[in-house]
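K.L.:
What follows is a structure written as C-alpha cells; I'll ask about it next.
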Amino acid sequence: MKVLGIETSCDETGVALYDSEIGLLGEALYSQVDLHLEYGGVVPELASRDHVRRVLPLIKEVLAQAHCTSDMVDGIAYTAGPGLIGALMVGASVAKSLAFAWQVPSLGIHHMEGHLLAPMLEDEPPTFPFVALLVSGGHTQLVSVLGIGQYQLLGESVDDAAGEAFDKAAKMLNLDYPGGPAIASMALKGTPGRFIFPRPMVDRPGLDFSFSGLKTYTRNCIAEYCQDDLLDEQLNADIALAFETAVVETLVIKCKRALEQTGYDRLVIAGGVSANQRLRAGLYEMLEKKSGKVLFYARPEYCTDNGAMIAFAGCQRLLSGQREGLEIKCRPRWPLEELAPIGQ
C-alpha cells in the first residue's frame with residue numbers, strides 16, 4: 001500500500017510517500033524558520049499562508065522523486081492535530097480534496113503518534129512494549145506504549161513543554177529561534193558548574209514535568225549577573241549550559257522512574273528535543289547502569305516535524321481498515337489516549 005503523508009501542524013510543510021512493502025519512496029520538507037525568525041516564534045497566520053504556498057509543489061516533488069503518478073497512490077494521511085488550527089486546516093483540506101479527486105481513502109493522524117512511531121522508520125526499530133518520551137515544542141509526555149494506539153499517559157508537563165522552555169530561554173539570551181539548537185550550540189562554550197539551575201519536580205513522586213519555574217530562574221539569573229543590560233558571550237554560554245543541563249537531567253530522572261514503574265526495558269525518545277545530543281548522552285549513561293535497557297530514537301531529520309512519520313503512521317492505520325469520510329475535521333487539542341488501537 002502506498003500512502004501519501006501530509007504534515008502541516010505548525011511551521012514545517014512536510015510531504016512523503018510510504019510503501020508498506022518497500023518503505024519510504026520519497027519525501028520533501030520546507031521549514032518556515034527564516035519566516036518566523038524575526039518574531040522569535042511562530043506567527044500562526046503567516047504559517048498557514050506559507051503552507052498554502054508550499055504543500056502542492058511539495059506533493060508534486062515527492063511523486064516525481066518516487067516515480068509515481070496519482071493513480072498509484074492508495075491512500076492519503078494528514079495531520080489532523082494537535083497543532084495550529086489554520087495550519088492543520090491547510091493540510092486537511094488538501095488531503096480531502098485529493099482523496100476525492102483520486103478516489104482513495106484518507107485518514108487524519110495524531111501528530112504526536114507520528115513522532116512516537118518515527119523510530120519505526122529506522123533499520124532497527126523498537127518492538128512493543130516500551131516507554132516513550134515525547135518531547136517537542138508543544139508537548140512533553142511520558143507514555144506507556146503496548147502497541148499502535150495502545151497508549152497510557154504516565155506523565156506530562158503541567159505548564160511549558162521542554163521545547164517551549166528552550167525557545168523562551170533562548171529569547172532571553174538573545175539567541176535565534178528555534179531555541180533548542182541555539183542553546184545547545186551556545187552551551188558548548190559554557191563553563192561547567194558556574195551556575196547550577198534547579199531540576200524541577202524531581203523531589204516529589206510522579207512523572208509530571210514543569211519548566212515554567214526554570215524559565216523564571218533563568219530570567220532572574222540574567223538580571224543578577226547582566227551588566228548594563230548587556231550579556232557578554234561567556235555569561236550567555238554559562239547560562240545556556242546551566243539551563244540545558246537542568247532540562248536534560250530532569251528528563252533523564254523522569255525517564256528512569258518511568259522505566260522502573262513499568263518494568264519495560266526499551267525507551268523511545270521522539271520529537272524535536274530528542275535530537276539534543278546532551279539528552280541522548282544522558283539517557284545512554286543512565287541506561288548503561290541498568291543492564292539490558294535499550295534506547296531508540298529517529299535520525300535527526302525525523303525528530304522534527306516531517307511528512308514521513310505521518311505517511312508511516314497513516315499506512316499502519318489504513319492497512320488495519322481505518323477510514324473516514326470527506327468531512328474536514330481538525331483537533332488543535334487531542335489527547336493521545338483517545339486514539340483507537342490498530343484493528344479496532
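Within each chain, counting starts at residue 1; across the C-alpha cells, chains are named A, B, ... in the order shown, with ligands numbered 1 upward in that order.
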What are the DSSP strand (DSSP E) residues of range 32-81 of chain A, as an MDAnalysis selection string?
P.N.:
chainID A and resid 75:81
K.L.:
Near Asp19 in chain A, counting only C-alpha atoms, which residues have an atom at most 7 Å away, once you skip same-chain residues fewer than 5 positions from it, shown as a ChimeraX atom specification?
P.N.:
/A:1-3,24-25
K.L.:
Would you save the residues of that selection, restricted to all heavy atoms, as an mmCIF file, in the first residue's frame?
P.N.:
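Below is the file that was written, out-v6.cif:
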data_model
loop_
_atom_site.group_PDB
_atom_site.id
_atom_site.type_symbol
_atom_site.label_atom_id
_atom_site.label_comp_id
_atom_site.auth_asym_id
_atom_site.auth_seq_id
_atom_site.Cartn_x
_atom_site.Cartn_y
_atom_site.Cartn_z
ATOM 1 N N MET A 1 0.845 -1.199 0.000
ATOM 2 C CA MET A 1 0.000 0.000 0.000
ATOM 3 C C MET A 1 0.879 1.247 0.000
ATOM 4 O O MET A 1 1.791 1.367 0.817
ATOM 5 C CB MET A 1 -0.914 0.005 1.227
ATOM 6 C CG MET A 1 -1.894 1.165 1.255
ATOM 7 S SD MET A 1 -2.959 1.118 2.712
ATOM 8 C CE MET A 1 -4.397 1.986 2.085
ATOM 9 N N LYS A 2 0.606 2.170 -0.920
ATOM 10 C CA LYS A 2 1.351 3.428 -0.992
ATOM 11 C C LYS A 2 0.493 4.544 -0.390
ATOM 12 O O LYS A 2 -0.626 4.781 -0.821
ATOM 13 C CB LYS A 2 1.708 3.777 -2.439
ATOM 14 C CG LYS A 2 2.728 2.838 -3.084
ATOM 15 C CD LYS A 2 3.057 3.314 -4.495
ATOM 16 C CE LYS A 2 4.108 2.412 -5.140
ATOM 17 N NZ LYS A 2 3.621 1.031 -5.347
ATOM 18 N N VAL A 3 1.060 5.216 0.624
ATOM 19 C CA VAL A 3 0.320 6.249 1.338
ATOM 20 C C VAL A 3 1.073 7.565 1.261
ATOM 21 O O VAL A 3 2.277 7.640 1.580
ATOM 22 C CB VAL A 3 0.094 5.854 2.810
ATOM 23 C CG1 VAL A 3 -0.588 6.987 3.567
ATOM 24 C CG2 VAL A 3 -0.749 4.584 2.891
ATOM 25 N N LEU A 24 10.091 3.974 2.552
ATOM 26 C CA LEU A 24 9.937 5.353 2.109
ATOM 27 C C LEU A 24 10.376 5.499 0.659
ATOM 28 O O LEU A 24 11.494 5.142 0.284
ATOM 29 C CB LEU A 24 10.772 6.271 3.010
ATOM 30 C CG LEU A 24 10.388 7.738 3.046
ATOM 31 C CD1 LEU A 24 8.966 7.919 3.574
ATOM 32 C CD2 LEU A 24 11.367 8.516 3.919
ATOM 33 N N LEU A 25 9.482 6.049 -0.173
ATOM 34 C CA LEU A 25 9.773 6.210 -1.598
ATOM 35 C C LEU A 25 10.224 7.618 -1.950
ATOM 36 O O LEU A 25 10.938 7.819 -2.937
ATOM 37 C CB LEU A 25 8.530 5.867 -2.427
ATOM 38 C CG LEU A 25 7.965 4.456 -2.263
ATOM 39 C CD1 LEU A 25 6.723 4.289 -3.131
ATOM 40 C CD2 LEU A 25 9.011 3.409 -2.611
#
K.L.:
Which residues of range 20-67 of chain A sit at most 12 Å from range 164-167 of chain A, using only C-alpha atoms? Give each one's shortest atom pair and distance in Å (one decimal place), in chain and ascending residue order, as a tab-separated table.
P.N.:
residue	atom	partner	partner_atom	distance
A:Leu37	CA	A:Asp167	CA	11.4
A:Tyr39	CA	A:Asp167	CA	11.7
A:Gly40	CA	A:Asp167	CA	8.1
A:Gly41	CA	A:Asp167	CA	7.7
A:Val42	CA	A:Asp167	CA	10.6
K.L.:
For Ile310 in chain A, find every residue with an atom within 8 Å (counting only C-alpha atoms), except residues of its own chain fewer than 6 positions away, and show them as a list in words.
P.N.:
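These residues fall inside the cut-off: Gly5, Ile6, Glu7, Ala77, Tyr78, Thr79, Ile109, His111 and Gly114 of chain A.
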K.L.:
Please produce a file of those selected residues containing C-alpha atoms, as an mmCIF file, in the first residue's frame.
P.N.:
data_model
loop_
_atom_site.group_PDB
_atom_site.id
_atom_site.type_symbol
_atom_site.label_atom_id
_atom_site.label_comp_id
_atom_site.auth_asym_id
_atom_site.auth_seq_id
_atom_site.Cartn_x
_atom_site.Cartn_y
_atom_site.Cartn_z
ATOM 1 C CA GLY A 5 1.567 11.751 4.113
ATOM 2 C CA ILE A 6 0.999 15.491 4.643
ATOM 3 C CA GLU A 7 2.251 17.331 7.739
ATOM 4 C CA ALA A 77 -2.763 10.559 5.600
ATOM 5 C CA TYR A 78 -2.622 14.057 7.041
ATOM 6 C CA THR A 79 -2.004 15.622 10.419
ATOM 7 C CA ILE A 109 -3.307 11.265 12.040
ATOM 8 C CA HIS A 111 0.787 14.499 15.295
ATOM 9 C CA GLY A 114 3.570 10.319 14.186
#
K.L.:
Out of A:Ala64, A:Ala28, A:Ile22, A:Leu241, which residue has the shortest atom-to-atom distance to Glu301 in chain A when counting only C-alpha atoms?
P.N.:
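Comparing A:Ala64, A:Ala28, A:Ile22, A:Leu241 against Glu301 in chain A, the winner is A:Ala28.
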K.L.:
One decimal, Å: what's the distance from CA of Glu21 in chain A over to CA of Glu122 in chain A, could you say?
P.N.:
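Taking CA of Glu21 in chain A and CA of Glu122 in chain A, their separation equals 14.5 Å.
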K.L.:
Tell me, as a list in words, which residues lie within 12 Å of Tyr217 in chain A, counting only C-alpha atoms; anything in the same chain fewer than 4 positions away does not count.
P.N.:
Ala165, Ala169, Met172, Phe195, Ile196, Phe197, Pro198, Arg199, Pro200, Phe211, Ser212, Gly213, Cys221, Ile222, Ala223, Glu224, Ile239, Ala242, Phe243 and Ala246 of chain A
K.L.:
Report as CSV: every residue of range 91-150 of chain A with an atom at most 10 Å from range 303-307 of chain A, its closest pair of atoms, and their distance in Å to one decimal, counting only C-alpha atoms, with rows sorted by chain and ascending residue number.
P.N.:
residue,atom,partner,partner_atom,distance
A:His111,CA,A:Asp305,CA,8.6
A:Met112,CA,A:Asp305,CA,9.7
A:Gly114,CA,A:Asp305,CA,8.9
A:His115,CA,A:Cys303,CA,7.1
A:Leu116,CA,A:Cys303,CA,9.6
A:Ala118,CA,A:Cys303,CA,7.5
A:Pro119,CA,A:Cys303,CA,8.7
A:Val135,CA,A:Cys303,CA,9.6
A:Ser136,CA,A:Thr304,CA,8.1
A:Gly137,CA,A:Thr304,CA,9.6
K.L.:
As an exercise, work out the distance from CA of Ile148 in chain A to CA of Glu288 in chain A in Å and give it to one decimal place.
P.N.:
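For CA of Ile148 in chain A relative to CA of Glu288 in chain A, the distance reads 27.6 Å.
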